[in-house]
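Below is the file protein.txt, which contains compact mmCIF, C-alpha atoms.
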# COMPACT_ATOMS: atom_id res chain seq x y z
CA GLY A 1 33.36 19.49 -54.37
CA PHE A 2 30.43 19.04 -52.01
CA THR A 3 29.87 18.39 -48.33
CA THR A 4 26.88 18.01 -46.05
CA ASN A 5 26.03 16.83 -42.54
CA PRO A 6 22.98 15.48 -40.68
CA SER A 7 21.91 18.96 -39.56
CA LEU A 8 21.95 20.32 -43.12
CA MET A 9 20.15 17.25 -44.44
CA ARG A 10 17.47 17.70 -41.80
CA GLN A 11 17.01 21.33 -42.86
CA ALA A 12 16.71 20.19 -46.48
CA GLY A 13 14.08 17.59 -45.59
CA VAL A 14 16.15 14.60 -46.69
CA GLN A 15 14.34 11.34 -45.90
CA ASN A 16 16.46 8.66 -47.58
CA TYR A 17 20.17 9.22 -46.92
CA GLU A 18 21.59 6.81 -49.51
CA GLU A 19 19.17 7.91 -52.23
CA PHE A 20 20.04 11.55 -51.56
CA ALA A 21 23.77 10.83 -51.50
CA LYS A 22 23.80 8.91 -54.76
CA ASP A 23 21.81 11.67 -56.44
CA VAL A 24 24.40 14.21 -55.23
CA ILE A 25 27.27 12.00 -56.38
CA GLY A 26 25.73 11.80 -59.83
CA ARG A 27 25.38 15.57 -60.04
CA VAL A 28 28.71 16.60 -58.50
CA GLY A 29 30.52 13.86 -60.39
CA LEU A 30 29.98 15.86 -63.54
CA LEU A 31 32.30 18.54 -62.13
CA GLY A 32 35.34 16.26 -62.08
CA LYS A 33 37.40 14.54 -59.43
CA LYS A 34 36.31 16.67 -56.48
CA PRO A 35 35.80 15.43 -52.88
CA ILE A 36 32.20 14.57 -51.97
CA SER A 37 31.81 14.19 -48.20
CA PHE A 38 29.04 12.37 -46.32
CA GLU A 39 28.95 11.91 -42.55
CA VAL A 40 28.36 8.83 -40.43
CA ILE A 41 25.34 9.11 -38.14
CA SER A 42 26.06 6.54 -35.42
CA ASP A 43 27.54 7.39 -32.01
CA ASP A 44 29.17 3.99 -31.51
CA PHE A 45 32.62 3.60 -33.02
CA ASP A 46 32.08 0.04 -34.29
CA ASP A 47 28.84 1.13 -35.94
CA MET A 48 30.61 4.19 -37.35
CA ALA A 49 33.15 1.87 -38.96
CA LEU A 50 30.41 -0.15 -40.66
CA GLU A 51 28.71 3.02 -41.85
CA ALA A 52 32.02 4.39 -43.12
CA ILE A 53 32.64 1.28 -45.21
CA ARG A 54 29.15 1.52 -46.65
CA ILE A 55 29.42 5.24 -47.44
CA ALA A 56 32.86 4.80 -49.02
CA SER A 57 31.40 2.19 -51.37
CA TRP A 58 29.15 4.83 -52.98
CA GLY A 59 31.93 6.28 -55.11
CA LYS A 60 35.69 6.62 -55.56
CA HIS A 61 35.63 10.35 -54.81
CA VAL A 62 33.54 9.95 -51.66
CA TYR A 63 35.08 11.02 -48.35
CA VAL A 64 33.57 9.75 -45.12
CA LYS A 65 33.06 12.41 -42.46
CA ILE A 66 34.03 11.23 -38.99
CA PRO A 67 33.41 13.55 -36.01
CA ILE A 68 36.52 14.14 -33.90
CA THR A 69 34.68 12.71 -30.88
CA ASN A 70 31.41 10.93 -30.21
CA THR A 71 28.67 12.57 -28.12
CA GLN A 72 30.31 11.33 -24.91
CA GLY A 73 33.50 13.22 -25.78
CA LYS A 74 35.51 10.07 -26.53
CA SER A 75 38.17 10.66 -29.17
CA SER A 76 37.69 9.13 -32.61
CA VAL A 77 41.42 8.86 -33.36
CA MET A 78 41.57 5.07 -33.10
CA LEU A 79 38.67 4.80 -35.52
CA ILE A 80 40.44 7.27 -37.81
CA ASN A 81 43.54 5.07 -37.73
CA ARG A 82 41.48 1.95 -38.40
CA LEU A 83 39.63 3.42 -41.37
CA SER A 84 42.77 5.01 -42.82
CA ASN A 85 44.44 1.61 -42.79
CA LEU A 86 41.44 0.30 -44.73
CA ARG A 87 42.28 2.92 -47.39
CA ILE A 88 39.07 4.88 -46.83
CA LYS A 89 39.22 8.59 -47.62
CA LEU A 90 38.28 10.56 -44.52
CA ASN A 91 37.06 14.04 -43.67
CA ILE A 92 37.51 14.60 -39.93
CA THR A 93 34.87 17.07 -38.82
CA ALA A 94 34.02 19.39 -35.90
CA VAL A 95 37.74 20.03 -35.22
CA MET A 96 38.38 23.17 -33.17
CA THR A 97 41.75 22.84 -31.40
CA VAL A 98 45.39 22.40 -32.39
CA ARG A 99 45.56 19.40 -30.06
CA GLN A 100 42.80 17.69 -32.01
CA VAL A 101 44.68 18.32 -35.26
CA GLU A 102 47.89 16.91 -33.79
CA ASP A 103 46.03 13.86 -32.46
CA ILE A 104 44.61 13.16 -35.91
CA LEU A 105 47.99 13.53 -37.61
CA SER A 106 49.63 11.23 -35.06
CA VAL A 107 47.46 8.24 -36.04
CA LEU A 108 47.46 8.61 -39.82
CA PRO A 109 49.55 5.95 -41.54
CA ARG A 110 52.25 7.29 -43.82
CA SER A 111 50.67 5.47 -46.74
CA SER A 112 47.22 6.94 -46.08
CA LEU A 113 45.01 8.24 -48.86
CA SER A 114 44.07 11.90 -49.07
CA THR A 115 42.58 13.06 -45.76
CA ILE A 116 40.66 16.25 -44.97
CA ILE A 117 40.69 17.91 -41.56
CA SER A 118 37.76 20.31 -41.21
CA VAL A 119 38.49 23.11 -38.76
CA PHE A 120 35.22 24.78 -37.72
CA VAL A 121 36.57 28.30 -37.90
CA GLY A 122 33.23 30.09 -37.75
CA ARG A 123 32.22 28.29 -34.58
CA ILE A 124 35.60 29.08 -33.00
CA ALA A 125 35.03 32.75 -33.82
CA ASP A 126 31.54 32.54 -32.30
CA THR A 127 33.23 32.04 -28.91
CA GLY A 128 35.05 35.38 -29.21
CA ARG A 129 38.39 33.79 -30.10
CA ASP A 130 40.49 34.66 -33.14
CA PRO A 131 40.75 31.34 -35.05
CA SER A 132 43.70 32.46 -37.18
CA GLY A 133 46.35 30.95 -34.90
CA ILE A 134 44.60 27.59 -34.78
CA VAL A 135 44.18 27.50 -38.55
CA SER A 136 47.74 28.54 -39.36
CA GLN A 137 49.17 25.98 -36.92
CA ALA A 138 46.96 23.27 -38.41
CA CYS A 139 48.18 24.14 -41.90
CA LEU A 140 51.83 24.17 -40.81
CA SER A 141 51.56 20.87 -38.93
CA ALA A 142 49.86 19.15 -41.84
CA ALA A 143 52.33 20.50 -44.40
CA ARG A 144 55.35 19.44 -42.32
CA GLN A 145 54.17 15.91 -41.58
CA TYR A 146 51.64 14.78 -44.16
CA PRO A 147 51.46 16.40 -47.60
CA PHE A 148 48.38 14.33 -48.44
CA VAL A 149 46.40 16.01 -45.62
CA LYS A 150 44.24 18.95 -46.60
CA ILE A 151 43.05 21.56 -44.09
CA LEU A 152 39.49 22.72 -44.71
CA TRP A 153 38.06 26.02 -43.41
CA ALA A 154 34.57 25.08 -42.23
CA SER A 155 31.54 27.05 -40.98
CA THR A 156 32.34 29.98 -43.22
CA ARG A 157 30.63 33.21 -42.19
CA GLY A 158 31.37 35.65 -45.02
CA VAL A 159 33.32 36.53 -48.17
CA LEU A 160 36.29 37.80 -46.14
CA ASP A 161 36.77 34.25 -44.84
CA ILE A 162 37.70 33.13 -48.36
CA PHE A 163 40.61 35.59 -48.47
CA THR A 164 41.68 34.81 -44.89
CA ALA A 165 41.61 31.07 -45.50
CA ASN A 166 43.78 31.52 -48.58
CA ARG A 167 46.23 33.77 -46.71
CA LEU A 168 46.61 31.27 -43.87
CA GLY A 169 47.28 28.38 -46.23
CA CYS A 170 44.01 26.42 -46.15
CA ASP A 171 43.57 23.96 -48.99
CA ILE A 172 39.75 24.03 -49.08
CA ILE A 173 36.96 26.25 -47.83
CA THR A 174 33.27 25.37 -47.68
CA VAL A 175 31.10 28.19 -48.99
CA THR A 176 27.32 28.34 -48.96
CA PRO A 177 25.27 29.55 -51.94
CA ALA A 178 24.39 32.70 -49.97
CA ILE A 179 28.08 33.62 -49.71
CA ILE A 180 28.80 32.70 -53.32
CA ALA A 181 26.02 35.09 -54.31
CA LYS A 182 28.02 37.94 -52.72
CA LEU A 183 31.23 37.35 -54.68
CA HIS A 184 30.25 39.98 -57.25
CA LEU A 185 30.84 42.53 -54.46
CA VAL A 186 34.57 41.77 -54.24
CA GLY A 187 36.47 45.00 -54.97
CA LYS A 188 33.30 47.09 -55.19
CA ASP A 189 33.83 50.82 -54.57
CA LEU A 190 32.77 51.46 -50.97
CA ALA A 191 31.28 54.89 -51.65
CA GLU A 192 29.15 53.33 -54.37
CA TYR A 193 28.21 50.48 -52.06
CA SER A 194 27.25 53.00 -49.37
CA LEU A 195 24.93 54.76 -51.82
CA ASP A 196 23.40 51.44 -52.90
CA THR A 197 22.70 50.67 -49.26
CA VAL A 198 20.97 54.01 -48.64
CA ARG A 199 18.86 53.51 -51.74
CA GLN A 200 17.89 50.01 -50.61
CA PHE A 201 16.80 51.33 -47.21
CA ARG A 202 14.68 54.00 -48.89
CA LYS A 203 13.15 51.50 -51.32
CA ASP A 204 12.27 49.10 -48.49
CA ALA A 205 10.69 51.90 -46.44
CA ILE A 206 8.46 52.90 -49.36
CA GLU A 207 7.46 49.33 -50.19
CA ALA A 208 6.70 48.58 -46.54
CA GLY A 209 4.53 51.69 -46.26
CA ILE A 210 6.48 52.92 -43.24
CA GLU A 211 5.54 56.48 -42.26
CA LEU A 212 6.22 58.90 -39.39

Take the structure in the file and give it back as structure tokens.
Amino acid sequence: GFTTNPSLMRQAGVQNYEEFAKDVIGRVGLLGKKPISFEVISDDFDDMALEAIRIASWGKHVYVKIPITNTQGKSSVMLINRLSNLRIKLNITAVMTVRQVEDILSVLPRSSLSTIISVFVGRIADTGRDPSGIVSQACLSAARQYPFVKILWASTRGVLDIFTANRLGCDIITVTPAIIAKLHLVGKDLAEYSLDTVRQFRKDAIEAGIEL
């Protein structure tokens, strides 16, 4: 599938949100019935609801990304409940604690459509904490209570994250093109990789004209 957020769109120079989104939907749609997630941009919950309805109308495989709180730290769980009851597919984003996962699960109706909970594992790790416990608990809680909920490993930092996410039971992982480009290294002989690295250092030194 595909996912983005306002920060990534800013980096990409996106000017027209809806035009960009519909172009993406047309491209990704060729890959099959995969989730395509776009985030609301408002900070007011009523406005978020209106934006969510509009975004959801763009396609049947579109998931609306709702941040777990607004910028004042107020929980989005009531909005999540409201939109789930409207049968809108949701991707709850910026989740970093087990409590947040449990709060989301507690307001999902039993008849809800597929819902994604995006745990920002890389950002958790950036604080010096091991995110494994949070992720595994999120996966267990979702599996026990709501089989239609998928746990997504977000803010991926490297290829190893793909294997860890799989081991812990995540349903989805977001991977950037830069990480995908490294997948050919999986299983590479480390002695050979060490030699490749030394050669690369030497090549760069020559090309840079570095001398002592």

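One finds atom CA of A:Ser155 at 9.5 Å from atom CA of A:Ala94.
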
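For the atom pair formed by atom CA of A:Val101 and atom CA of A:Ile117, the distance is 7.5 Å, given to one decimal.
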
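Nearest to A:Gly122 of all the residues A:Asp161, A:Asp204, A:Glu102, A:Asp171 is A:Asp161, based on all atoms listed in the file.
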
What's the 10 Å shell around A:Cys139, counting all atoms listed in the file, without same-chain residues fewer than 4 positions away, as JSON, numbers by chain?
{"A": [101, 117, 133, 134, 135, 143, 144, 149, 150, 151, 152, 168, 169, 170, 171]}

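Between atom CA of A:Ala178 and atom CA of A:Val159 lies a distance of 9.9 Å.
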
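Using all atoms listed in the file for every distance, the candidate list A:Val98, A:Ile173, A:Leu190, A:Ile88 yields A:Ile88 as the residue closest to A:Arg54.
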
What's around A:Pro67 at 8 Å? Count all atoms listed in the file, leave out sequence neighbours fewer than 4 positions away in its own chain, and write the answer as an MDAnalysis selection string.
chainID A and resid 76 92:95

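Checking A:Asn5, A:Gln11, A:Gln200, A:Asn85 one by one against A:Ile66, counting all atoms listed in the file, you find the shortest gap at A:Asn5.
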
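Using all atoms listed in the file, the shortest contact distance between A:Asp23 and any of A:Pro147, A:Gly59, A:Glu51, A:Glu39 is found at A:Gly59.
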
Selection near A:Asp126, 12 Å with only C-alpha atoms, sequence-local residues under 5 positions removed, as an MDAnalysis selection string:
chainID A and resid 96 120:121 131 155:157

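Distances from A:Leu90, A:Ile206, A:Ile68, A:Ile80 to A:Ile36 were compared using only C-alpha atoms, and the smallest one belongs to A:Leu90.
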
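Excluding A:Val28 itself and any same-chain residue fewer than 4 positions from it, the protein and nucleic acid residues within 12 Å of it, counting all atoms listed in the file, are Gly1, Phe2, Thr3, Ala21, Lys22, Asp23, Val24, Gly32, Lys33, Lys34, Pro35, Ile36, Ser37, Gly59, His61 and Val62 of chain A.
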
Once 5 Å is added on each side, what are the centre and the three edge lengths, in Å to one decimal, of the axis-aligned box enclosing the listed atoms of stretch 102-113 of chain A? Present them as lines of an AutoDock Vina configuration file.
center_x = 48.4
center_y = 11.2
center_z = -40.7
size_x = 17.6
size_y = 21.4
size_z = 26.4

Counting all atoms listed in the file, closest pick from A:Val77, A:Val64, A:Leu83, A:Ala56 relative to A:Ile116 is A:Val64
